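Asks: My file is entry.cif. It has mmCIF, C-alpha atoms:
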data_coords
loop_
_atom_site.label_atom_id
_atom_site.label_comp_id
_atom_site.auth_asym_id
_atom_site.auth_seq_id
_atom_site.Cartn_x
_atom_site.Cartn_y
_atom_site.Cartn_z
CA MET A 23 81.22 119.65 94.04
CA THR A 24 81.23 115.95 93.16
CA GLU A 25 83.92 113.70 94.62
CA TYR A 26 84.56 111.91 91.34
CA VAL A 27 86.12 112.72 88.00
CA TRP A 28 84.28 111.76 84.86
CA ALA A 29 86.94 110.33 82.59
CA SER A 30 86.88 108.64 79.23
CA LEU A 31 87.71 104.99 79.94
CA SER A 32 86.95 102.16 77.54
CA GLY A 33 84.93 104.51 75.40
CA ALA A 34 82.52 105.58 78.14
CA ASN A 35 82.47 108.43 80.64
CA ARG A 36 82.77 106.94 84.11
CA PRO A 37 84.06 108.10 87.50
CA TYR A 38 87.22 106.62 88.97
CA ILE A 39 89.37 106.81 92.11
CA VAL A 40 93.16 106.53 92.43
CA PHE A 41 94.64 104.59 95.35
CA SER A 42 98.34 104.78 96.16
CA ASP A 43 100.67 103.10 98.60
CA VAL A 44 103.19 105.55 100.08
CA ASP A 45 106.51 104.10 101.23
CA GLU A 46 108.78 103.24 98.27
CA THR A 47 105.85 103.90 95.94
CA LEU A 48 105.32 107.64 96.34
CA ILE A 49 108.33 108.45 98.52
CA SER A 50 111.74 106.81 98.48
CA VAL A 51 112.00 106.14 102.23
CA LYS A 52 110.07 103.97 104.67
CA SER A 53 108.35 106.83 106.46
CA MET A 54 107.78 105.06 109.78
CA PHE A 55 111.43 104.09 110.20
CA ASP A 56 112.87 107.29 108.78
CA PHE A 57 110.74 109.26 111.23
CA LEU A 58 111.56 106.96 114.15
CA HIS A 59 115.27 107.57 113.51
CA TYR A 60 114.66 111.32 113.17
CA ARG A 61 112.65 111.43 116.40
CA LEU A 62 115.08 109.39 118.50
CA VAL A 63 118.23 111.15 117.30
CA ARG A 64 116.74 114.61 117.60
CA ARG A 65 115.61 113.85 121.14
CA HIS A 66 118.51 111.77 122.45
CA GLY A 67 121.46 112.24 120.10
CA ALA A 68 123.90 109.33 120.07
CA ALA A 69 121.79 107.40 122.58
CA GLY A 70 118.84 107.78 120.22
CA GLU A 71 120.91 106.37 117.38
CA GLU A 72 121.73 103.34 119.52
CA GLU A 73 118.08 102.88 120.43
CA TYR A 74 117.07 103.04 116.78
CA GLU A 75 119.66 100.41 115.88
CA ARG A 76 118.36 98.17 118.64
CA ILE A 77 114.75 98.47 117.48
CA SER A 78 115.76 97.94 113.85
CA ALA A 79 117.69 94.80 114.76
CA VAL A 80 114.67 93.34 116.56
CA ILE A 81 112.44 94.12 113.58
CA ALA A 82 114.93 92.60 111.12
CA ARG A 83 115.16 89.46 113.25
CA ARG A 84 111.37 89.12 113.45
CA ALA A 85 111.04 89.63 109.70
CA ALA A 86 113.71 86.98 109.04
CA ASP A 87 111.79 84.60 111.29
CA GLY A 88 108.70 85.11 109.14
CA ALA A 89 106.69 87.43 111.37
CA PRO A 90 103.76 88.95 109.46
CA ARG A 91 104.13 92.59 108.46
CA SER A 92 101.02 93.38 110.49
CA GLU A 93 102.75 92.05 113.63
CA ILE A 94 105.83 94.15 112.92
CA ASN A 95 103.54 97.14 112.39
CA ARG A 96 102.07 96.63 115.86
CA PHE A 97 105.54 96.26 117.38
CA TYR A 98 106.62 99.53 115.78
CA TYR A 99 103.74 101.50 117.28
CA SER A 100 104.36 100.05 120.74
CA HIS A 101 107.33 102.43 120.89
CA TYR A 102 104.97 105.42 120.96
CA ALA A 103 103.26 104.42 124.21
CA GLY A 104 102.99 107.47 126.46
CA GLU A 105 103.92 109.95 123.73
CA SER A 106 101.84 113.10 123.35
CA VAL A 107 99.97 113.17 120.05
CA ASP A 108 100.55 116.91 119.73
CA THR A 109 104.29 116.52 120.31
CA VAL A 110 104.61 113.73 117.74
CA THR A 111 102.56 115.73 115.22
CA ARG A 112 104.78 118.80 115.60
CA LEU A 113 107.89 116.66 115.24
CA ALA A 114 106.41 114.96 112.17
CA ASP A 115 105.75 118.35 110.59
CA ASP A 116 109.40 119.25 111.17
CA TRP A 117 110.47 115.89 109.68
CA PHE A 118 108.36 116.45 106.56
CA THR A 119 109.61 120.01 106.09
CA GLU A 120 113.24 118.98 106.45
CA ARG A 121 112.94 115.94 104.20
CA THR A 122 111.11 117.74 101.40
CA SER A 123 113.42 120.76 101.49
CA SER A 124 116.78 119.03 101.91
CA THR A 125 116.49 115.38 100.88
CA ARG A 126 117.07 114.99 97.17
CA GLY A 127 114.95 112.20 95.76
CA PHE A 128 112.49 112.13 98.65
CA TYR A 129 109.66 111.69 96.17
CA ILE A 130 109.56 109.01 93.50
CA ASP A 131 108.99 111.41 90.65
CA SER A 132 107.26 109.02 88.25
CA THR A 133 104.56 108.28 90.82
CA ARG A 134 104.16 111.88 91.91
CA ARG A 135 103.76 112.97 88.28
CA ALA A 136 101.17 110.26 87.65
CA LEU A 137 99.18 111.16 90.76
CA ARG A 138 99.30 114.84 89.96
CA GLY A 139 98.07 114.04 86.47
CA HIS A 140 95.08 112.16 87.88
CA ARG A 141 94.43 114.96 90.35
CA ALA A 142 94.60 117.60 87.61
CA ALA A 143 91.94 115.65 85.76
CA GLY A 144 89.77 115.84 88.87
CA ALA A 145 90.22 112.30 90.21
CA PRO A 146 90.22 111.88 94.00
CA LEU A 147 93.48 110.51 95.37
CA VAL A 148 93.51 108.10 98.31
CA LEU A 149 96.74 107.31 100.17
CA VAL A 150 96.78 103.77 101.59
CA SER A 151 99.53 102.95 104.07
CA GLY A 152 100.65 101.15 107.19
CA SER A 153 102.15 104.46 108.30
CA PHE A 154 100.18 106.84 110.52
CA PRO A 155 98.43 110.22 110.24
CA PRO A 156 101.19 112.59 111.43
CA LEU A 157 103.44 111.37 108.60
CA LEU A 158 100.77 110.97 105.93
CA GLU A 159 98.65 114.07 106.34
CA PRO A 160 101.42 116.47 105.18
CA LEU A 161 101.84 114.29 102.08
CA ALA A 162 98.09 114.33 101.50
CA ARG A 163 98.02 118.12 101.72
CA GLU A 164 100.96 118.41 99.33
CA LEU A 165 99.31 116.17 96.73
CA GLY A 166 95.72 117.23 97.30
CA ALA A 167 94.75 113.70 98.34
CA ALA A 168 91.12 113.48 99.39
CA THR A 169 91.50 110.64 101.90
CA VAL A 170 94.10 108.80 103.95
CA LEU A 171 93.48 105.13 104.75
CA CYS A 172 96.14 104.11 107.27
CA THR A 173 97.06 102.42 110.52
CA ARG A 174 95.69 104.52 113.36
CA PRO A 175 97.40 104.22 116.75
CA LEU A 176 94.98 104.26 119.66
CA ILE A 177 94.86 107.48 121.68
CA ARG A 178 93.72 108.11 125.24
CA ASP A 179 93.63 111.61 126.73
CA GLY A 180 95.84 112.98 123.96
CA VAL A 181 98.49 110.31 124.41
CA TYR A 182 99.33 107.25 122.30
CA THR A 183 98.60 103.99 124.12
CA GLY A 184 101.12 101.98 122.09
CA GLU A 185 98.35 99.89 120.54
CA VAL A 186 96.66 100.14 117.14
CA GLY A 187 93.37 99.17 115.58
CA THR A 188 93.71 97.27 112.30
CA PRO A 189 97.11 97.61 110.58
CA VAL A 190 96.54 98.79 107.00
CA ILE A 191 98.97 96.29 105.52
CA GLY A 192 98.30 93.38 103.17
CA GLU A 193 94.74 92.22 103.78
CA GLY A 194 94.22 95.33 105.86
CA LYS A 195 94.71 97.37 102.68
CA ARG A 196 92.16 95.23 100.86
CA ALA A 197 89.59 95.76 103.62
CA ALA A 198 90.18 99.51 103.76
CA VAL A 199 89.90 99.96 99.99
CA LEU A 200 86.84 97.73 99.76
CA ALA A 201 85.09 99.77 102.45
CA HIS A 202 86.01 102.99 100.65
CA LEU A 203 84.63 101.67 97.36
CA ALA A 204 81.48 100.26 98.99
CA ALA A 205 80.60 103.76 100.18
CA ARG A 206 80.87 105.03 96.59
CA PRO A 207 78.56 102.87 94.48
CA ALA A 208 78.80 105.24 91.50
CA VAL A 209 82.39 104.08 90.99
CA ASP A 210 83.21 100.81 89.25
CA PRO A 211 86.46 99.36 90.69
CA ARG A 212 87.38 98.25 87.16
CA ASP A 213 87.79 101.93 86.25
CA CYS A 214 90.02 102.72 89.23
CA PHE A 215 93.81 102.88 89.49
CA ALA A 216 96.11 101.69 92.28
CA TYR A 217 99.87 102.10 92.69
CA GLY A 218 102.13 99.83 94.77
CA ASP A 219 105.72 98.63 94.95
CA HIS A 220 105.62 95.37 96.92
CA VAL A 221 103.83 92.04 96.79
CA SER A 222 102.14 93.01 100.08
CA ASP A 223 100.26 95.64 98.03
CA LEU A 224 98.59 92.94 95.91
CA PRO A 225 95.44 92.72 98.05
CA MET A 226 94.81 96.35 97.10
CA LEU A 227 96.11 96.25 93.53
CA GLU A 228 94.02 93.29 92.47
CA LEU A 229 90.82 95.12 93.40
CA VAL A 230 91.11 97.64 90.56
CA GLY A 231 91.10 97.50 86.81
CA HIS A 232 94.32 99.51 86.46
CA PRO A 233 97.00 98.28 88.89
CA VAL A 234 100.38 99.98 88.54
CA ALA A 235 103.63 98.31 89.65
CA VAL A 236 106.19 100.86 90.81
CA GLY A 237 109.80 99.70 90.87
CA ASP A 238 111.29 96.32 90.11
CA ASP A 239 109.80 93.83 92.57
CA PRO A 240 109.80 90.69 90.36
CA GLU A 241 107.22 88.88 92.47
CA LEU A 242 104.78 91.77 92.28
CA ARG A 243 105.27 92.19 88.54
CA ALA A 244 104.82 88.46 87.92
CA HIS A 245 101.57 88.41 89.88
CA LEU A 246 100.19 91.44 88.07
CA ALA A 247 101.26 90.15 84.68
CA ALA A 248 99.37 86.93 85.37
CA LEU A 249 96.39 88.85 86.68
CA ARG A 250 96.23 91.41 83.87
CA PRO A 251 98.71 91.15 81.00
CA GLU A 252 98.03 94.77 80.05
CA THR A 253 99.03 96.04 83.53
CA ILE A 254 100.62 99.47 83.48
CA ALA A 255 104.15 99.44 84.89
CA ALA A 256 106.03 102.44 86.23
CA ARG A 257 109.70 102.67 87.17
#
If you took the structure in this file and wrote it as structure tokens, what would it be?
Replies:
Amino acid sequence: MTEYVWASLSGANRPYIVFSDVDETLISVKSMFDFLHYRLVRRHGAAGEEEYERISAVIARRAADGAPRSEINRFYYSHYAGESVDTVTRLADDWFTERTSSTRGFYIDSTRRALRGHRAAGAPLVLVSGSFPPLLEPLARELGAATVLCTRPLIRDGVYTGEVGTPVIGEGKRAAVLAHLAARPAVDPRDCFAYGDHVSDLPMLELVGHPVAVGDDPELRAHLAALRPETIAAR
């Protein structure tokens, strides 16, 4: 079975791929932080809530001081040092099950419908995120996404070290998508779609011929309008 869909684009049959950011593009929450809160509270109760608030305050302060998102991404994963991968994966499965069964509005329906439409046509879906596999793989299974390009925490002997390779944020998204496209020379990036909600998604969005702005970020929409006046916009 071929990996690509042959779709009618610009009057010619050509294969294309669909790339999508996850947090606040496909789902309404920031998965990393929602899961961190879930994990800490489930494990430690009120003390876990206090720890989450402490970590969140540090992150907010660093962001206000202009710290790059990639640096904040690394700081986030430092809090998994010494954690068993199997334990985190089981907890993440519980998180996903609870959120999808009890949290109304967990998915951003317009994006999910669009991605399902592409998938029904046979297009491969690729999730691109600064989040990590335990949180993204259940989403990929649910949507039938072919690939997950994401930040991957380093693991030693089945335990997270607290360090990561390359954060898949901003320019990290560009590099990951470029590598994915380079391995698929039959696909012209101008025929591909990408969905994102924040200006940090621009390095990915500007690689494809059909960038889609999800939500109301004025900076993102202004950049895409300047880049391609015919840009598709989703709300």
Asks: Name all residues at most 10 Å from A:Gly187 (count only C-alpha atoms; drop same-chain ones fewer than 5 positions away) and give them as number ranges by chain.
Replies: A: 96, 173-176
Asks: Emit the selected residues as a JSON list (two decimals), keeping the file's coordinate frame, including C-alpha atoms.
Replies:
[["chain", "number", "residue", "atom", "x", "y", "z"],
["A", 96, "ARG", "CA", 102.07, 96.63, 115.86],
["A", 173, "THR", "CA", 97.06, 102.42, 110.52],
["A", 174, "ARG", "CA", 95.69, 104.52, 113.36],
["A", 175, "PRO", "CA", 97.40, 104.22, 116.75],
["A", 176, "LEU", "CA", 94.98, 104.26, 119.66]]
Asks: Starting from the shown file, work through the PyMOL selection byres ((chain A and resi 35-40) around 12) and note down what comes out as a VMD selection string.
Replies: chain A and resid 24 to 34 41 to 43 133 136 to 141 143 to 150 167 to 170 199 202 to 203 206 to 218 226 to 227 229 to 234
Asks: Which residues, written as an NGL selection string, have at least one atom at most 10 Å from stretch 123-129 of chain A, with all atoms listed in the file counted and residues fewer than 6 positions away on the same chain left out?
Replies: :A and (44-51 or 117 or 135)
Asks: Please, could you write that set of residues out with C-alpha atoms as a compact mmCIF listing (two decimals), keeping the file's coordinate frame?
Replies:
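So the final result, stored in out19.txt, reads:
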# COMPACT_ATOMS: atom_id res chain seq x y z
CA VAL A 44 103.19 105.55 100.08
CA ASP A 45 106.51 104.10 101.23
CA GLU A 46 108.78 103.24 98.27
CA THR A 47 105.85 103.90 95.94
CA LEU A 48 105.32 107.64 96.34
CA ILE A 49 108.33 108.45 98.52
CA SER A 50 111.74 106.81 98.48
CA VAL A 51 112.00 106.14 102.23
CA TRP A 117 110.47 115.89 109.68
CA ARG A 135 103.76 112.97 88.28
Asks: Between A:Glu193, A:Asp131, A:Asp219, A:Asp108, which one has atoms that come closest to A:Gly180, using only C-alpha atoms?
Replies: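 Result for the nearest residue to A:Gly180: A:Asp108.
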Asks: One decimal, Å: what's the distance from atom CA of A:Val110 over to atom CA of A:Pro156, could you say?
Replies: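 Interatomic distance, atom CA of A:Val110 to atom CA of A:Pro156: 7.3 Å.
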Asks: Could you tell me how far atom CA of A:Pro90 lies from atom CA of A:Thr188, in Å and to one decimal?
Replies: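 So the answer is 13.4 Å.
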Asks: Could you please determine the separation between atom CA of A:Thr109 and atom CA of A:Glu185 in Å, to one decimal place?
Replies: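 Separation between atom CA of A:Thr109 and atom CA of A:Glu185: 17.7 Å.
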